[in-house]
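The structure under discussion appears below in the form of structure tokens.
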Amino acid sequence: MIWLKFFSKLLKALQSGNTPKQLSAGFVLGMFFGITPFLSLFSIIPIIMTIILNVNISMFILGSLICGLIGYIFDPVFHHFGYFLLMDLPGLESFWIACGNIPFLSLMRLNNTTNLGSIITSFILSVPIYFATIFLVKKYRTSIGEKVNKMKITKIIKGSKLYSIYQKINIGS
């Protein structure tokens, strides 16, 4: 029932008055939350930004889920990238020492190779994913959404008793 509610909210968000930029920003903040290791101070920042900014929470959750799985798979890549940034670039050594001496930045655990690699990767991917998500939302709204609503499976789901019960419960809440 929770999944049905989540996907219903996601589809409503894709078809709602939310701008593609709001939806995309929610997805990108979810990407930051999903890719970075959970037990770091940095993982709190996307949550706070999602609460403060006018972004879509369903897209934040979707971005967190998708990118959380991707982040788990690519942890070794993030480790190697973080190791490269910390150890193989001697020109950045004084920068990392300075970051470690700043109290707030030291709490972000930038000396952890996996943490650093995932944070920098998130920043690198944020701009392309932001614009790609805007494109996909616009594409969904112009052509794919109509096709999804016309699909036989969508009509079957909307015609089912479970969906009608869900709609009654959802209207009351």
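Residue names in the structure tokens use chain letters A, B, ... in the order shown, residue numbers from 1 in each chain, and ligand numbers from 1 in the order shown.
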Determine, counting only C-alpha atoms, which protein, DNA and RNA residues have an atom within 6 Å of an atom of Ile35 in chain A; residues of the same chain fewer than 6 positions away are not included. Present the result as a short mmCIF file (atom, residue, chain, number, x, y, z; two decimals) with C-alpha atoms, in the first residue's frame.
data_model
loop_
_atom_site.label_atom_id
_atom_site.label_comp_id
_atom_site.auth_asym_id
_atom_site.auth_seq_id
_atom_site.Cartn_x
_atom_site.Cartn_y
_atom_site.Cartn_z
CA CYS A 67 21.19 6.78 -6.52
CA GLY A 68 21.46 4.88 -3.24
CA GLY A 71 26.13 4.50 -4.88
#
Shell around range 103-108 of chain A at 6 Å using only C-alpha atoms, local window under 5 positions removed, as a list in words: Ser40, Leu41 and Phe42 of chain A
ask   = Got a sec: who's within 12 Å of Asn112 in chain A, counting only C-alpha atoms, leaving out chain neighbours fewer than 3 positions off, as a PyMOL selection string?
value = chain A and resi 36-37+39-40+78-87+96+100+106-109+115-119
File of the preceding selection, C-alpha atoms, as a PDB file, in the first residue's frame:
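After the write, result.pdb holds the following:
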ATOM      1  CA  THR A  36      27.032   9.864  -0.234  1.00  0.00           C
ATOM      2  CA  PRO A  37      27.589   7.565   2.747  1.00  0.00           C
ATOM      3  CA  LEU A  39      26.758   8.317   8.359  1.00  0.00           C
ATOM      4  CA  SER A  40      28.379  11.605   7.471  1.00  0.00           C
ATOM      5  CA  PHE A  78      34.283   6.338  -5.235  1.00  0.00           C
ATOM      6  CA  HIS A  79      37.029   4.967  -2.994  1.00  0.00           C
ATOM      7  CA  HIS A  80      39.580   4.983  -5.832  1.00  0.00           C
ATOM      8  CA  PHE A  81      38.521   8.476  -6.931  1.00  0.00           C
ATOM      9  CA  GLY A  82      38.750   9.769  -3.345  1.00  0.00           C
ATOM     10  CA  TYR A  83      42.126   8.095  -2.902  1.00  0.00           C
ATOM     11  CA  PHE A  84      43.329   9.746  -6.106  1.00  0.00           C
ATOM     12  CA  LEU A  85      42.185  13.161  -4.849  1.00  0.00           C
ATOM     13  CA  LEU A  86      43.692  12.725  -1.384  1.00  0.00           C
ATOM     14  CA  MET A  87      46.936  10.914  -2.092  1.00  0.00           C
ATOM     15  CA  TRP A  96      43.077  18.926   2.471  1.00  0.00           C
ATOM     16  CA  GLY A 100      40.765  19.113   8.135  1.00  0.00           C
ATOM     17  CA  SER A 106      36.404  18.171   9.513  1.00  0.00           C
ATOM     18  CA  LEU A 107      33.002  16.818  10.595  1.00  0.00           C
ATOM     19  CA  MET A 108      32.206  16.059   6.947  1.00  0.00           C
ATOM     20  CA  ARG A 109      34.917  13.379   6.965  1.00  0.00           C
ATOM     21  CA  ASN A 115      33.106   9.843   1.353  1.00  0.00           C
ATOM     22  CA  LEU A 116      35.226  12.350  -0.561  1.00  0.00           C
ATOM     23  CA  GLY A 117      34.917  10.469  -3.848  1.00  0.00           C
ATOM     24  CA  SER A 118      31.131  10.234  -3.579  1.00  0.00           C
ATOM     25  CA  ILE A 119      30.719  13.911  -2.625  1.00  0.00           C
TER      26      ILE A 119
END
The distance between CA of Ala25 in chain A and CA of Thr142 in chain A is 19.9 Å
Pull the helix (DSSP H, G or I) assignments for range 25-152 of chain A out of DSSP run on the backbone, and list those residues as a PyMOL selection string. chain A and resi 25-35+41-52+57-73+75-87+90-101+103-106+113-150+152
Rounded to one decimal, what separation in Å do you get between CA of Leu110 in chain A and CA of Leu125 in chain A?
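According to the coordinates, CA of Leu110 in chain A and CA of Leu125 in chain A are separated by 18.4 Å.
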#### Entry: Pick from A:Ala98, A:Leu29, A:Val77, A:Leu65 nearest to Thr114 in chain A, counting only C-alpha atoms
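Under the stated criterion, the closest residue is A:Val77.
In this model, the gap between CA of Leu69 in chain A and CA of Met31 in chain A comes to 10.4 Å.
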From the list A:Val28, A:Ser143, A:Phe38, A:Ile57, the nearest residue to Tyr72 in chain A using only C-alpha atoms is A:Phe38
